[in-house]
Amino acid sequence: MTDAATVPQIISSPSIVVEGRTYHDIGSSAYCLPRDELEQDRLNSQHFSLKVIFDGNILPVISSALAREARILDVGCGSSTWCLEMAIDYPQAHIRGLDMADMFPATIRPKNVDFDLHNALDGLPYPSNSFDFIHMRLLIAAWRVDEWPFILKEIFRVLKPGGFVQLVESNFTRGHDPWIVQHLDDLLANTGFELLDKQLKTVNYGDRANPISQEMLWNWKSAMSAMKPILAPKLLRNRDDYPVFLDRYIQECETSGLMVQLGAFAARKPPLA
């Protein structure tokens with residue numbers, strides 16, 4: 001583990017407290033979910049559910065070719081669980097996590113992991129051709145429609161020739177680009193990537209016998225609860241009715257068997273000729 005005395009101090013990102021939840025306060029970002037301990041719990045739950053759904057942290061087409069000493073970047077690392085697991089699975093690799101909100105561990109972490117507090121919309125703060133593998137997951141609520149091409153161009157820029165990118169997204173969230181899973185093929189191709197694999201999975205919120213479906217339903221309820229400051233004024237006359245409204249909504253998701261599509265994409269920056 002990293003010695004706490006040798007770790008550079010990271011200045012915490014701007015934040016604001018609304019109804020007891022802590023949110024980022026960065027005007028250029030559209031991301032509306034919190035950055036507190038409850039959100040860390042939700043993100044950790046999401047991580048382990050997705051790991052089961054896609055049978056691991058990396059799609060086989062990438063894991064079979066990734067060098068053990070690879071340089072790896074996680075864009076929007078959140079609570080950093082993916083980074084920490086990758087550091088254990090690839091002890092000779094160097095993993096960097098980047099996020100605009102400092103929910104990642106400041107001191108207690110494997111020696112081959114570092115974190116950068118930075119908003120990716122300002123450009124990735126790394127030289128071109130720096131990484132062998134870049135991971136980005138469920139940032140549908142973070143990037144506006146016109147921001148996706150910029151983010152993918154930045155990922156392409158900092159990847160080494162022949163380097164890999166893995167994107168995992170959902171089609172469910174409304175706003176921004178609600179059908180991003182359908183659009184990623186073209187977005188990746190337009191950026192210059194070669195698509196290597198695409199896996200589509202469906203989660204049925206009405207499958208009460210499936211623990212992953214139920215965990216993902218809880219996860220969605222937790223996210224919806226966190227978005228009360230934004231949603232309650234738009235949906236209800238009395239914002240205090242939001243908990244009852246949310247319970248009924250989640251019950252309807254379950255009884256109607258709401259289907260949520262998830263997509264995992266593996267692509268490569270073309271190697272030099």
# chains A, B, ... in the order shown; residues from 1 in each chain; ligands from 1

$ residues_around --residues "A:Gly20" --least-positions-apart "6" --cutoff "12 Å" --atoms "only C-alpha atoms" --output "count of residues only"
9

$ residues_around --residues "stretch 240-248 of chain A" --least-positions-apart "4" --cutoff "10 Å" --atoms "only C-alpha atoms" --output "number ranges by chain"
A: 221-222, 224-225, 228-229, 231-233, 235-236, 252-254

$ residues_around --residues "stretch 181-186 of chain A" --least-positions-apart "5" --cutoff "10 Å" --atoms "only C-alpha atoms" --output "list in words"
Ile140, Trp148, Pro149, Leu152, Leu167, Val168, Glu169, Ser170, Asn171, Phe172, Thr191, Gly192, Phe193, Glu194, Leu195, Lys198, Leu200, Gln261, Leu262, Gly263, Ala264, Phe265 and Ala267 of chain A

$ residues_around --residues "A:Ser256" --least-positions-apart "6" --cutoff "12 Å" --atoms "only C-alpha atoms" --output "list in words"
Asn204, Tyr205, Gly206, Asp207, Arg208, Arg248, Tyr249 and Ile250 of chain A

$ write_last_selection --atoms "N, CA, C and O atoms" --output "mmCIF file, in the first residue's frame"
data_model
loop_
_atom_site.group_PDB
_atom_site.id
_atom_site.type_symbol
_atom_site.label_atom_id
_atom_site.label_comp_id
_atom_site.auth_asym_id
_atom_site.auth_seq_id
_atom_site.Cartn_x
_atom_site.Cartn_y
_atom_site.Cartn_z
ATOM 1 N N ASN A 204 -33.880 -7.185 -16.386
ATOM 2 C CA ASN A 204 -35.320 -7.115 -16.173
ATOM 3 C C ASN A 204 -35.591 -6.755 -14.719
ATOM 4 O O ASN A 204 -35.385 -7.569 -13.815
ATOM 5 N N TYR A 205 -36.041 -5.530 -14.494
ATOM 6 C CA TYR A 205 -36.295 -5.090 -13.128
ATOM 7 C C TYR A 205 -37.430 -5.879 -12.464
ATOM 8 O O TYR A 205 -37.609 -5.822 -11.251
ATOM 9 N N GLY A 206 -38.208 -6.610 -13.251
ATOM 10 C CA GLY A 206 -39.303 -7.385 -12.691
ATOM 11 C C GLY A 206 -38.932 -8.808 -12.307
ATOM 12 O O GLY A 206 -39.776 -9.544 -11.790
ATOM 13 N N ASP A 207 -37.676 -9.203 -12.537
ATOM 14 C CA ASP A 207 -37.242 -10.567 -12.230
ATOM 15 C C ASP A 207 -36.854 -10.650 -10.758
ATOM 16 O O ASP A 207 -35.702 -10.453 -10.388
ATOM 17 N N ARG A 208 -37.828 -10.973 -9.922
ATOM 18 C CA ARG A 208 -37.589 -10.994 -8.473
ATOM 19 C C ARG A 208 -36.709 -12.154 -8.033
ATOM 20 O O ARG A 208 -36.151 -12.127 -6.934
ATOM 21 N N ARG A 248 -43.776 4.429 -5.530
ATOM 22 C CA ARG A 248 -44.755 3.956 -6.509
ATOM 23 C C ARG A 248 -44.105 3.723 -7.872
ATOM 24 O O ARG A 248 -44.426 2.764 -8.577
ATOM 25 N N TYR A 249 -43.196 4.601 -8.234
ATOM 26 C CA TYR A 249 -42.494 4.462 -9.517
ATOM 27 C C TYR A 249 -41.666 3.173 -9.545
ATOM 28 O O TYR A 249 -41.710 2.411 -10.525
ATOM 29 N N ILE A 250 -40.906 2.918 -8.479
ATOM 30 C CA ILE A 250 -40.076 1.716 -8.426
ATOM 31 C C ILE A 250 -40.946 0.466 -8.420
ATOM 32 O O ILE A 250 -40.616 -0.538 -9.070
#

$ closest_residue --among "A:Cys32, A:Ile108, A:Ile151, A:Leu138" --to "A:Leu84" --atoms "only C-alpha atoms"
A:Ile108

$ closest_residue --among "A:Gly76, A:Phe104, A:Cys83, A:Glu215" --to "A:Leu124" --atoms "only C-alpha atoms"
A:Gly76

$ residues_around --residues "A:Ser29" --least-positions-apart "3" --cutoff "9 Å" --atoms "only C-alpha atoms" --output "PyMOL selection string"
chain A and resi 24-26+32+119+121+142-144

$ write_last_selection --atoms "C-alpha atoms" --output "short mmCIF file (atom, residue, chain, number, x, y, z; two decimals), in the first residue's frame"
data_model
loop_
_atom_site.label_atom_id
_atom_site.label_comp_id
_atom_site.auth_asym_id
_atom_site.auth_seq_id
_atom_site.Cartn_x
_atom_site.Cartn_y
_atom_site.Cartn_z
CA HIS A 24 -20.33 18.71 -7.03
CA ASP A 25 -20.45 22.43 -7.73
CA ILE A 26 -18.72 22.60 -11.11
CA CYS A 32 -26.31 15.58 -11.32
CA ASN A 119 -12.73 17.48 -15.23
CA LEU A 121 -14.35 18.20 -20.29
CA ALA A 142 -22.30 13.19 -17.39
CA TRP A 143 -21.78 13.95 -21.10
CA ARG A 144 -24.16 16.05 -23.13
#

$ atom_distance --atom1 "atom CA of A:Arg96" --atom2 "atom CA of A:Arg71"
8.0 Å

$ atom_distance --atom1 "atom CA of A:Tyr31" --atom2 "atom CA of A:Ile230"
11.4 Å
